[in-house]
file structure.txt (compact mmCIF, C-alpha atoms)
# COMPACT_ATOMS: atom_id res chain seq x y z
CA MET A 57 2.74 6.28 103.14
CA ALA A 58 1.94 2.79 101.80
CA THR A 59 3.05 1.83 98.32
CA GLY A 60 -0.53 1.42 97.00
CA ASP A 61 -1.72 4.73 98.52
CA HIS A 62 0.65 7.05 96.63
CA ARG A 63 -1.34 9.23 94.18
CA GLU A 64 -0.67 12.64 92.77
CA ALA A 65 -3.36 15.23 93.40
CA GLY A 66 -6.14 14.95 90.81
CA GLN A 67 -4.81 11.72 89.27
CA ASP A 68 -7.25 8.78 89.08
CA ASP A 69 -9.67 10.73 91.24
CA PRO A 70 -13.16 10.63 89.68
CA GLU A 71 -14.30 13.74 91.56
CA SER A 72 -11.50 15.89 90.13
CA GLU A 73 -12.16 15.02 86.48
CA ASP A 74 -14.36 17.47 84.64
CA GLU A 75 -14.96 15.21 81.61
CA VAL A 76 -18.49 14.84 80.38
CA TYR A 77 -19.50 11.64 78.67
CA GLU A 78 -22.35 11.49 76.20
CA VAL A 79 -24.52 8.38 76.23
CA VAL A 80 -25.46 7.30 72.71
CA ASP A 81 -28.50 5.13 72.13
CA LEU A 82 -27.34 2.97 69.23
CA THR A 83 -30.83 2.08 68.01
CA GLU A 84 -31.85 5.73 67.72
CA TYR A 85 -28.52 6.63 66.13
CA ALA A 86 -28.97 3.85 63.54
CA ARG A 87 -32.48 5.05 62.71
CA ARG A 88 -31.30 8.63 62.18
CA HIS A 89 -28.04 7.78 60.35
CA GLN A 90 -28.92 4.90 58.08
CA TRP A 91 -26.03 3.64 56.01
CA TRP A 92 -28.10 3.49 52.86
CA SER A 93 -28.92 7.17 53.22
CA ARG A 94 -25.24 7.88 52.76
CA VAL A 95 -25.00 5.47 49.82
CA PHE A 96 -28.29 6.20 48.06
CA GLY A 97 -29.12 9.59 49.56
CA ASN A 98 -29.74 12.80 47.64
CA ASN A 99 -26.16 13.92 48.25
CA SER A 100 -24.70 11.13 46.13
CA GLY A 101 -26.13 12.59 42.91
CA PRO A 102 -26.48 10.75 39.63
CA ILE A 103 -23.32 9.15 38.41
CA ALA A 104 -24.27 10.23 34.87
CA GLU A 105 -23.05 13.72 35.71
CA LYS A 106 -19.58 12.44 36.63
CA TYR A 107 -18.68 9.72 34.08
CA SER A 108 -19.26 8.97 30.41
CA VAL A 109 -21.82 6.39 29.30
CA ALA A 110 -19.10 3.91 28.26
CA THR A 111 -17.39 4.23 31.66
CA GLN A 112 -20.69 3.73 33.48
CA ILE A 113 -21.53 0.61 31.47
CA MET A 114 -18.04 -0.78 32.01
CA MET A 115 -18.09 -0.06 35.76
CA GLY A 116 -21.56 -1.55 36.12
CA GLY A 117 -20.68 -4.56 33.99
CA VAL A 118 -17.48 -5.38 35.85
CA THR A 119 -19.03 -5.01 39.30
CA GLY A 120 -22.10 -6.96 38.16
CA TRP A 121 -19.98 -9.77 36.75
CA CYS A 122 -17.99 -10.00 40.01
CA ALA A 123 -21.18 -10.05 42.08
CA GLY A 124 -22.79 -12.68 39.82
CA TYR A 125 -19.69 -14.88 39.88
CA VAL A 126 -19.44 -14.73 43.68
CA PHE A 127 -23.20 -15.30 44.01
CA GLN A 128 -22.97 -18.37 41.78
CA ARG A 129 -20.03 -19.87 43.71
CA VAL A 130 -21.50 -19.18 47.13
CA GLY A 131 -24.89 -20.48 45.99
CA LYS A 132 -23.40 -23.75 44.79
CA ILE A 133 -21.45 -24.21 48.03
CA ALA A 134 -24.51 -23.42 50.18
CA ALA A 135 -26.76 -25.73 48.16
CA THR A 136 -24.20 -28.53 48.38
CA ALA A 137 -23.75 -28.09 52.13
CA ILE A 138 -27.48 -27.96 52.89
CA GLY A 139 -28.35 -30.82 50.51
CA GLY A 140 -25.44 -32.95 51.71
CA GLY A 141 -26.32 -32.37 55.34
CA PHE A 142 -29.93 -33.32 54.74
CA LEU A 143 -28.85 -36.42 52.77
CA LEU A 144 -26.51 -37.52 55.57
CA LEU A 145 -29.27 -36.98 58.12
CA GLN A 146 -31.64 -39.12 56.05
CA ILE A 147 -29.04 -41.89 55.65
CA ALA A 148 -28.31 -41.85 59.39
CA ASN A 149 -32.04 -41.92 60.13
CA HIS A 150 -32.71 -44.92 57.84
CA SER A 151 -29.63 -46.77 59.11
CA GLY A 152 -30.81 -46.45 62.70
CA TYR A 153 -27.96 -44.25 63.94
CA VAL A 154 -30.23 -41.28 64.52
CA GLU A 155 -33.93 -41.03 65.22
CA VAL A 156 -35.48 -37.78 64.10
CA ASP A 157 -38.78 -36.62 65.55
CA TRP A 158 -40.14 -35.09 62.33
CA LYS A 159 -43.33 -33.89 64.03
CA LYS A 160 -41.24 -31.85 66.47
CA VAL A 161 -39.08 -30.54 63.62
CA GLU A 162 -42.20 -29.44 61.71
CA LYS A 163 -43.62 -27.79 64.85
CA ASP A 164 -40.36 -25.91 65.48
CA VAL A 165 -40.13 -24.79 61.84
CA ASN A 166 -43.69 -23.46 61.95
CA LYS A 167 -42.93 -21.63 65.19
CA ALA A 168 -39.83 -20.09 63.60
CA LYS A 169 -41.89 -19.01 60.55
CA LYS A 170 -44.42 -17.25 62.77
CA HIS A 171 -41.62 -15.53 64.70
CA LEU A 172 -39.96 -14.37 61.46
CA LYS A 173 -43.28 -13.04 60.11
CA LYS A 174 -43.80 -11.05 63.30
CA LYS A 175 -40.28 -9.60 63.12
CA ALA A 176 -40.68 -8.83 59.41
CA ASN A 177 -43.86 -6.86 60.06
CA LYS A 178 -42.02 -4.71 62.63
CA ALA A 179 -39.11 -4.05 60.26
CA ALA A 180 -41.38 -3.24 57.28
CA PRO A 181 -41.07 0.60 57.44
CA GLU A 182 -37.26 0.49 57.39
CA ILE A 183 -37.24 -2.07 54.58
CA ASN A 184 -39.72 -0.01 52.56
CA THR A 185 -37.53 3.07 53.03
CA PHE A 186 -34.49 1.13 51.83
CA ILE A 187 -36.37 -0.20 48.80
CA GLU A 188 -37.63 3.28 47.87
CA GLU A 189 -34.15 4.80 48.15
CA ALA A 190 -32.59 1.93 46.17
CA THR A 191 -35.24 2.32 43.46
CA ASP A 192 -34.57 6.06 43.32
CA PHE A 193 -30.82 5.39 42.99
CA ILE A 194 -31.42 2.92 40.16
CA LYS A 195 -33.67 5.39 38.34
CA ARG A 196 -31.12 8.21 38.64
CA ASN A 197 -28.27 5.95 37.48
CA ILE A 198 -30.01 3.78 34.89
CA VAL A 199 -26.94 3.28 32.66
CA LEU A 200 -24.77 2.04 35.52
CA SER A 201 -27.61 -0.13 36.84
CA SER A 202 -28.29 -1.75 33.47
CA GLY A 203 -24.56 -2.49 33.08
CA PHE A 204 -24.58 -4.08 36.52
CA VAL A 205 -27.58 -6.29 35.70
CA GLY A 206 -26.02 -7.45 32.45
CA GLY A 207 -22.71 -8.16 34.15
CA PHE A 208 -24.48 -9.97 36.97
CA PHE A 209 -26.16 -12.37 34.52
CA LEU A 210 -22.84 -12.94 32.73
CA GLY A 211 -21.21 -13.68 36.10
CA LEU A 212 -23.93 -16.20 36.92
CA ALA A 213 -23.39 -17.89 33.55
CA SER A 214 -19.60 -18.15 33.85
call {"tool": "encode", "arguments": {"input": "structure.txt", "output": "structure tokens"}}
result
Amino acid sequence: MATGDHREAGQDDPESEDEVYEVVDLTEYARRHQWWSRVFGNNSGPIAEKYSVATQIMMGGVTGWCAGYVFQRVGKIAATAIGGGFLLLQIANHSGYVEVDWKKVEKDVNKAKKHLKKKANKAAPEINTFIEEATDFIKRNIVLSSGFVGGFFLGLAS
């Protein structure tokens, strides 16, 4: 017997394995098990039933402040990067280092806008579902939501 031919009976033999594999279509699975259904679904229940008003306002305020602070920092960094990149491109263009075909840029941007509009129209039902569930969550947990909004504005200001 050759060294590579030595196998125990039933080992590494696809015919002897009785395992059944289920094929999962990820797009269908994602449509049926949306993550926001678990977060905002009817099973989550209003937080008002679980915590006092002061606790809800404090939780909402702290999480809102953190989100606002991060949003402010990331927004400044993104604005600086985009503005600085555009400024450098303009300087390089006027100095003669780079020639930019602005007509082509405008044409490509318009093409991208049309493509995004088409994709947005296809995704509209899922987005509407998300918005409706988020609105329902906010209505059921108005104290927590108002604390979050106030904290978010404080985070933006700090």
call {"tool": "atom_distance", "arguments": {"input": "structure.txt", "atom1": "atom CA of A:Lys175", "atom2": "atom CA of A:Val126"}}
result
29.0 Å
call {"tool": "closest_residue", "arguments": {"input": "structure.txt", "among": "A:Gly207, A:Pro181, A:Ala213, A:Thr191", "to": "A:Cys122", "atoms": "all atoms listed in the file"}}
result
A:Gly207
call {"tool": "axis_aligned_box", "arguments": {"input": "structure.txt", "around": "stretch 190-207 of chain A", "padding_each_side": "6 Å", "output": "JSON"}}
result
{"center_x": -29.0, "center_y": 0.0, "center_z": 39.3, "size_x": 24.5, "size_y": 28.4, "size_z": 25.7}
call {"tool": "residues_near_point", "arguments": {"input": "structure.txt", "point": "(-26.9, 1.0, 32.7)", "cutoff": "10 Å", "atoms": "only C-alpha atoms", "output": "MDAnalysis selection string"}}
result
chainID A and resid 104 109:110 112:117 194:195 197:206
call {"tool": "atom_distance", "arguments": {"input": "structure.txt", "atom1": "atom CA of A:Leu172", "atom2": "atom CA of A:Trp158"}}
result
20.7 Å
call {"tool": "atom_distance", "arguments": {"input": "structure.txt", "atom1": "atom CA of A:Leu210", "atom2": "atom CA of A:Gly124"}}
result
7.1 Å
